[in-house]
Structure formats: C-alpha cells, structure tokens
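The structure under discussion appears below in the form of structure tokens.
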Amino acid sequence: MIREELKRGIFTENPIFILVLGLCPSLATSTSLQNALGMGMAATFVLTCSNVIISMIKKVIPDKVRIPCYIVVIATFVTIVQLVLKAYLPDLDKALGIFVPLIVVNCIILARAEAFASKNNISRSFLDGIGIGLGFTASLSILSIIRETLGANKLWGLNFLPGFQPMTIFILAPGGFFTIALVMGIINYMRQKKETGK
Amino acid sequence: MNIASIVQISIGAILINNFVLARFIGLCPFFGVSKKLSSATGMGMAVTFVLAVASTFTWIIDKYILVRFNATVLQTIVFILVIAALVQLVEMALLKYSPLLYEALGIYLPLITTNCAILGIAVINSQDNVFTGKPYTFIEGVINGIATGVGFTLALVLMAGIREKLELANIPKPLRGLPIAFITAGLMAIAFLGFSGLNFIQNSGG
C-alpha cells in the first residue's frame, strides 16, 4: 500500500506535470535548488498535516461549510511554517517571500483535501500527503536544476561548469515558462511514443 | 497622497510587476480560462472587481485590527477567511442588485476564492510600498488592487487572443495544449521584461 500511494503521488498523479496544479509556487521558487527544496518541504509539511487533520474531522464538518473549514486548517499549518521559517531559516524565508503565505491557496493542497482526505482514513491520507508532497518536491527540483544550471551556471549555489556562459533568461520569469513547457513536452513525447509503440 | 504615487503604483502593478508575467501569481486561472476571449474578459473583470473590494477590506482589517492589537501572526488565516466571506457576499449582492452583472461574472466568482492574486494583494498591501519604502496608505492600497486587476486582465485577454489563433496552427504533437501555452506565456513575459526599464525608484529618490 505504501509503495502504491507513493508511486501515485510521484508518477501517475504528479501534481505539476500531470495534474498541472500549483503552478505559481513551482514557477516562482524554482530559480535555485535550495529555494525549490525549501518550498517543496514546506508544502509537503502543510499538505501532510492538513490531510491528516481533515481526515480526522471529516465526519464532524457539515457538508455545506467544508471548504472554509479546510481552508482554516490549511491556513493554520501555513502560519506554523511561516513562523518556523522566520525563526530558523530567515534567508529562505526572504527568498520565498510572498509565496510562503500563498501556500494557503496552493490548489494542490485544497484539491487533495477535497478529493482524497475527506473520503479516506487517516493513514491513507497521511501517505497520500507524503506521496503528493514528494512528487511536488521532485518536480520543483527538476525545474530548478534546469533553470539554475542554464541560467546561473550554478547548482546548490556552487559553480557548475567552468567557462560556460549562463543564459540569464532562465532565472528570470520567461525562463520559468520555457522550462516547464520543455519538460511537459518531453513527458508528452515519451507518453505518445509508448502508446504508439504498444 | 499625490498623483505621482498613484501613477507609479498603477504602472508598476500593470506593466512592470505584472502579477502573471513577472511575479508568477494567479497562473491557474491564467492558463485555465484563457482558451476563449469572451470568458477571459469575464474572468478578468470578475478578478478586478474582487481585487478592488478585497484590497479595501483587508487593508482596513490589517491596519485597524491586526496591527493595532499586535496580532499580525494571524494575518494569513484572517485574510483568507475575509476573502472567502467577501467573495460569497459579492456573489449574493450581485445576484440581488445586479442580475445582469451576476450573469456576466457569476460563474467565475466561486473560482476566485482560491486565486492566489487576491491573497497576494492582501499580503503585498500589508508590506511596504516598493516605490516609497513606507507602508501603503489606504488609497494606495486600493489603487494597487485595482491596477493589479487591470494588469491581470490585460495579460489574460492578450493570452486568450493568441490562444484562439493557436487553435488553427499546426503545432508539433507533444507540445499541443498546455506546453505551447507556456511557451506563449514565456514570449509574452520577455516582452513585459522590457517594461522593467521603467525605473521609478531612482526618479523618486527612494
């Protein structure tokens, strides 16, 4: 069961490349691998905790006001993340900036609460949170590795290839769009090839 | 409060720091509702309207309740609740007083609660003004909200116009659908990068 849940989050229901949810943070924070991992971990924490809590209280919440209830649970965990980042990782907090409070409106988290945690038991919701969170973090890392090496000739803040002239555009806004377009194009190509091959 | 700062904020929010193309905020509706020009216009108007209302209320609540009682820790929770309630209220008010407007904007309103642009403007208005380095005044905050909405609408309508034409183009198979939309957005973002040369910060001596 554990393997299935994790595999689903990372591959078959990958939040960014397959479901195309949570685009704003994934494009904005993938300028460097450090930011991407920080954002991925923050979102995974919020996603897992809110999944568990929502799955716990799903029978108590009246159906009509469920969305506001979910949002309050999510916002609480986001506030925890905000305070922890400010206290222990001020540099990361500054780099992520407005995108830390914006985790509240990350469509992935609300979508998992509505589509999964409100219908499944606690342990499955927990695993779903971890799986989808890992998928989100992995996709962010892929985007950020491409953008950081091409755009700044660096990886994890260290120099990458000596003598390579970086293309600054990949660090800037347009590069984010181009990178995700390329990765999605490659995924589509492989999928189509597999389908026609069979 | 003077005209210069209004112009600064408006041009800053519409062109230089365009929410979608420079700041990556509000991308979900940008790609979700930009397939048809008519729905893009409707969504743009609805977002602008809610942004104006939300920036008004969140500024008042932030300044007179949260800052005053030293409870800015609760900012995120309070803002998202206020926004969710406001969107509901706007929907009900429109239904009662302006059915015509409701018909035009109605279906887009529920989607707007989780549009990050609305929470984004509330958070940005609670920080310092990038041009003056001082906190936003009430009028500046509201202008910032409206201008952000106009910038969002501009990007959305331009994108929808291009995507309607793209339907007829012969695109390589793996890039059909979203990937080509991302490339289009990237090209538009390059165009908008040109506006970053409009530097107000130096002119105003800030």
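Within each chain, counting starts at residue 1; across the structure tokens, chains are named A, B, ... in the order shown, with ligands numbered 1 upward in that order.
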
- Message: Among region 1-86 of chain B, which residues does DSSP mark as helix (DSSP H, G or I) when it is run on the backbone? Keep the chain and numbering as in the structure and answer as a VMD selection string.
- Response: chain B and resid 3 to 16 27 to 32 37 to 67 72 to 86

Using only C-alpha atoms and a cut-off of 9 Å, which residues of chain B sit close to chain A? Please list them as a PDB file with C-alpha atoms, in the first residue's frame.
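Output contents, as saved in part07.pdb:
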```pdb
ATOM      1  CA  VAL B  20       1.048  36.906 -14.006  1.00  0.00           C
ATOM      2  CA  LEU B  21       4.017  37.517 -16.258  1.00  0.00           C
ATOM      3  CA  ALA B  22       6.594  38.915 -13.826  1.00  0.00           C
ATOM      4  CA  ARG B  23       5.559  37.670 -10.405  1.00  0.00           C
ATOM      5  CA  PHE B  24       4.004  34.274 -11.200  1.00  0.00           C
ATOM      6  CA  ILE B  25       0.866  34.909  -9.164  1.00  0.00           C
ATOM      7  CA  GLY B  26      -2.562  33.835 -10.413  1.00  0.00           C
ATOM      8  CA  LEU B  27      -1.309  31.352 -13.002  1.00  0.00           C
ATOM      9  CA  CYS B  28      -4.102  28.791 -12.568  1.00  0.00           C
ATOM     10  CA  VAL B  73       0.703  36.472  13.257  1.00  0.00           C
ATOM     11  CA  LEU B  74      -2.886  35.695  12.331  1.00  0.00           C
ATOM     12  CA  GLN B  75      -2.634  37.607   9.047  1.00  0.00           C
ATOM     13  CA  THR B  76      -2.786  34.609   6.721  1.00  0.00           C
ATOM     14  CA  ILE B  77      -5.753  32.991   8.469  1.00  0.00           C
ATOM     15  CA  VAL B  78      -7.703  36.231   8.787  1.00  0.00           C
ATOM     16  CA  ILE B  80      -8.139  34.055   3.638  1.00  0.00           C
ATOM     17  CA  LEU B  81     -11.315  33.942   5.758  1.00  0.00           C
ATOM     18  CA  ALA B  84     -13.736  33.734   1.265  1.00  0.00           C
ATOM     19  CA  ALA B  85     -16.551  35.580   3.042  1.00  0.00           C
ATOM     20  CA  THR B 113     -11.518  32.460  -3.586  1.00  0.00           C
ATOM     21  CA  THR B 114      -8.529  30.255  -4.249  1.00  0.00           C
ATOM     22  CA  ASN B 115      -6.996  32.605  -6.799  1.00  0.00           C
ATOM     23  CA  CYS B 116      -3.654  33.495  -5.283  1.00  0.00           C
ATOM     24  CA  LEU B 119      -4.462  36.781  -1.108  1.00  0.00           C
ATOM     25  CA  GLY B 120      -1.327  38.063  -2.819  1.00  0.00           C
ATOM     26  CA  VAL B 123      -0.183  40.377   1.727  1.00  0.00           C
ATOM     27  CA  ILE B 124       1.592  42.876  -0.538  1.00  0.00           C
ATOM     28  CA  LYS B 173       2.155  16.862 -31.318  1.00  0.00           C
ATOM     29  CA  PRO B 174       3.947  16.717 -27.930  1.00  0.00           C
ATOM     30  CA  LEU B 175       3.606  20.481 -27.486  1.00  0.00           C
ATOM     31  CA  ARG B 176      -0.146  20.663 -28.134  1.00  0.00           C
ATOM     32  CA  LEU B 178      -0.570  23.391 -22.288  1.00  0.00           C
ATOM     33  CA  PRO B 179       3.121  23.282 -23.321  1.00  0.00           C
ATOM     34  CA  ILE B 180       2.567  25.654 -26.237  1.00  0.00           C
ATOM     35  CA  ALA B 181       0.558  27.899 -23.919  1.00  0.00           C
ATOM     36  CA  PHE B 182       3.553  28.013 -21.562  1.00  0.00           C
ATOM     37  CA  ILE B 183       5.884  28.931 -24.432  1.00  0.00           C
ATOM     38  CA  THR B 184       3.470  31.670 -25.483  1.00  0.00           C
ATOM     39  CA  ALA B 185       3.397  32.993 -21.927  1.00  0.00           C
ATOM     40  CA  GLY B 186       7.199  32.918 -21.861  1.00  0.00           C
ATOM     41  CA  LEU B 187       7.396  35.016 -25.010  1.00  0.00           C
ATOM     42  CA  MET B 188       4.875  37.465 -23.545  1.00  0.00           C
ATOM     43  CA  ALA B 189       6.946  37.594 -20.371  1.00  0.00           C
ATOM     44  CA  ILE B 190      10.028  38.535 -22.430  1.00  0.00           C
ATOM     45  CA  LEU B 193      10.555  42.341 -19.242  1.00  0.00           C
TER      46      LEU B 193
END
```

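The spacing separating CA of Pro110 (chain B) from CA of Ala155 (chain B) amounts to 21.1 Å.
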
- Item | Sel. of strand (DSSP E or B) residues, region 7-195 of chain A, as a list in words | Lys154, Leu155, Leu158 and Asn159 of chain A

Would you write out those residues with C-alpha atoms, as an mmCIF file, in the first residue's frame?
```cif
data_model
loop_
_atom_site.group_PDB
_atom_site.id
_atom_site.type_symbol
_atom_site.label_atom_id
_atom_site.label_comp_id
_atom_site.auth_asym_id
_atom_site.auth_seq_id
_atom_site.Cartn_x
_atom_site.Cartn_y
_atom_site.Cartn_z
ATOM 1 C CA LYS A 154 25.428 27.025 -10.575
ATOM 2 C CA LEU A 155 23.991 24.136 -8.629
ATOM 3 C CA LEU A 158 28.203 26.200 -6.260
ATOM 4 C CA ASN A 159 29.815 26.780 -9.642
#
```

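Of the residues under consideration (B:Ala52, B:Ile61, B:Val150, B:Leu94), B:Ile61 shows the shortest atom-to-atom contact distance to Phe79 (chain B) when counting only C-alpha atoms.
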
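Across the structure, CA of Ala111 (chain A) and CA of Ile61 (chain A) are spaced 16.9 Å apart.
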
- Find the spatial neighbours of Gly149 (chain B), counting only C-alpha atoms, within a cut-off of 9 Å - ignore same-chain residues fewer than 6 positions away - and output them as a PyMOL selection string. chain B and resi 13-14+19+44-52+117

- What lies within 10 Å of region 122-139 of chain A using only C-alpha atoms, ignoring chain neighbours under 5 positions off, as an MDAnalysis selection string? chainID A and resid 1:17 21:22 26 30 36:57 108:109 112:113 116:117 144:145 180 183

Write out, as a CSV table (one decimal), in the first residue's frame, the residues just selected, with C-alpha atoms.
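Output below, filename part17.csv:
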```csv
chain,number,residue,atom,x,y,z
A,1,MET,CA,0.0,0.0,0.0
A,2,ILE,CA,2.8,2.4,0.9
A,3,ARG,CA,4.5,1.9,-2.4
A,4,GLU,CA,1.3,2.3,-4.3
A,5,GLU,CA,0.5,5.6,-2.7
A,6,LEU,CA,4.0,7.0,-3.1
A,7,LYS,CA,4.2,5.9,-6.7
A,8,ARG,CA,0.9,7.5,-7.5
A,9,GLY,CA,2.0,10.8,-6.0
A,10,ILE,CA,5.3,10.9,-7.7
A,11,PHE,CA,4.5,9.5,-11.2
A,12,THR,CA,0.9,8.8,-12.2
A,13,GLU,CA,-0.7,11.7,-10.4
A,14,ASN,CA,2.3,14.0,-10.4
A,15,PRO,CA,0.8,17.3,-9.2
A,16,ILE,CA,2.8,19.6,-11.5
A,17,PHE,CA,3.4,17.8,-14.8
A,21,LEU,CA,-1.8,22.2,-10.2
A,22,GLY,CA,0.1,24.6,-8.0
A,26,SER,CA,6.5,25.9,-8.8
A,30,SER,CA,12.4,27.1,-8.9
A,36,ALA,CA,12.9,24.7,-4.6
A,37,LEU,CA,13.6,22.2,-1.9
A,38,GLY,CA,12.6,24.7,0.8
A,39,MET,CA,9.3,25.3,-0.9
A,40,GLY,CA,8.7,21.6,-1.6
A,41,MET,CA,9.3,20.7,2.0
A,42,ALA,CA,7.1,23.5,3.4
A,43,ALA,CA,4.3,22.5,1.0
A,44,THR,CA,4.7,18.8,1.9
A,45,PHE,CA,4.5,19.5,5.6
A,46,VAL,CA,1.3,21.6,5.2
A,47,LEU,CA,-0.2,19.0,2.8
A,48,THR,CA,0.5,16.0,5.1
A,49,CYS,CA,-0.7,17.7,8.3
A,50,SER,CA,-3.8,19.2,6.8
A,51,ASN,CA,-4.6,15.8,5.1
A,52,VAL,CA,-4.4,14.0,8.5
A,53,ILE,CA,-6.4,16.6,10.4
A,54,ILE,CA,-9.1,16.9,7.7
A,55,SER,CA,-9.4,13.1,7.5
A,56,MET,CA,-9.7,13.0,11.3
A,57,ILE,CA,-12.5,15.6,11.5
A,108,ILE,CA,-2.8,21.0,-4.7
A,109,ILE,CA,-3.5,21.2,-1.0
A,112,ARG,CA,-6.2,16.7,-2.0
A,113,ALA,CA,-8.3,17.7,1.0
A,116,PHE,CA,-8.8,12.5,-1.0
A,117,ALA,CA,-8.6,13.3,2.7
A,144,SER,CA,15.1,24.3,-10.6
A,145,ILE,CA,18.1,22.1,-11.6
A,180,ILE,CA,8.1,23.8,-17.7
A,183,VAL,CA,9.7,19.3,-19.5
```

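With only C-alpha atoms as the atoms that count, the residue of B:Lys63, B:Phe30, B:Gly161, B:Glu91 with the shortest distance to Ala104 (chain B) is B:Glu91.
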
- Message: What does the structure give for the distance between CA of Gln34 (chain A) and CA of Ser141 (chain A), in Å to one decimal?
- Response: 8.8 Å

- Contact residues around Ile121 (chain B) with only C-alpha atoms at 9 Å, ignoring same-chain residues under 4 positions, as a ChimeraX atom specification: /B:51,54-55,116-117,125-126,141,144-145,148
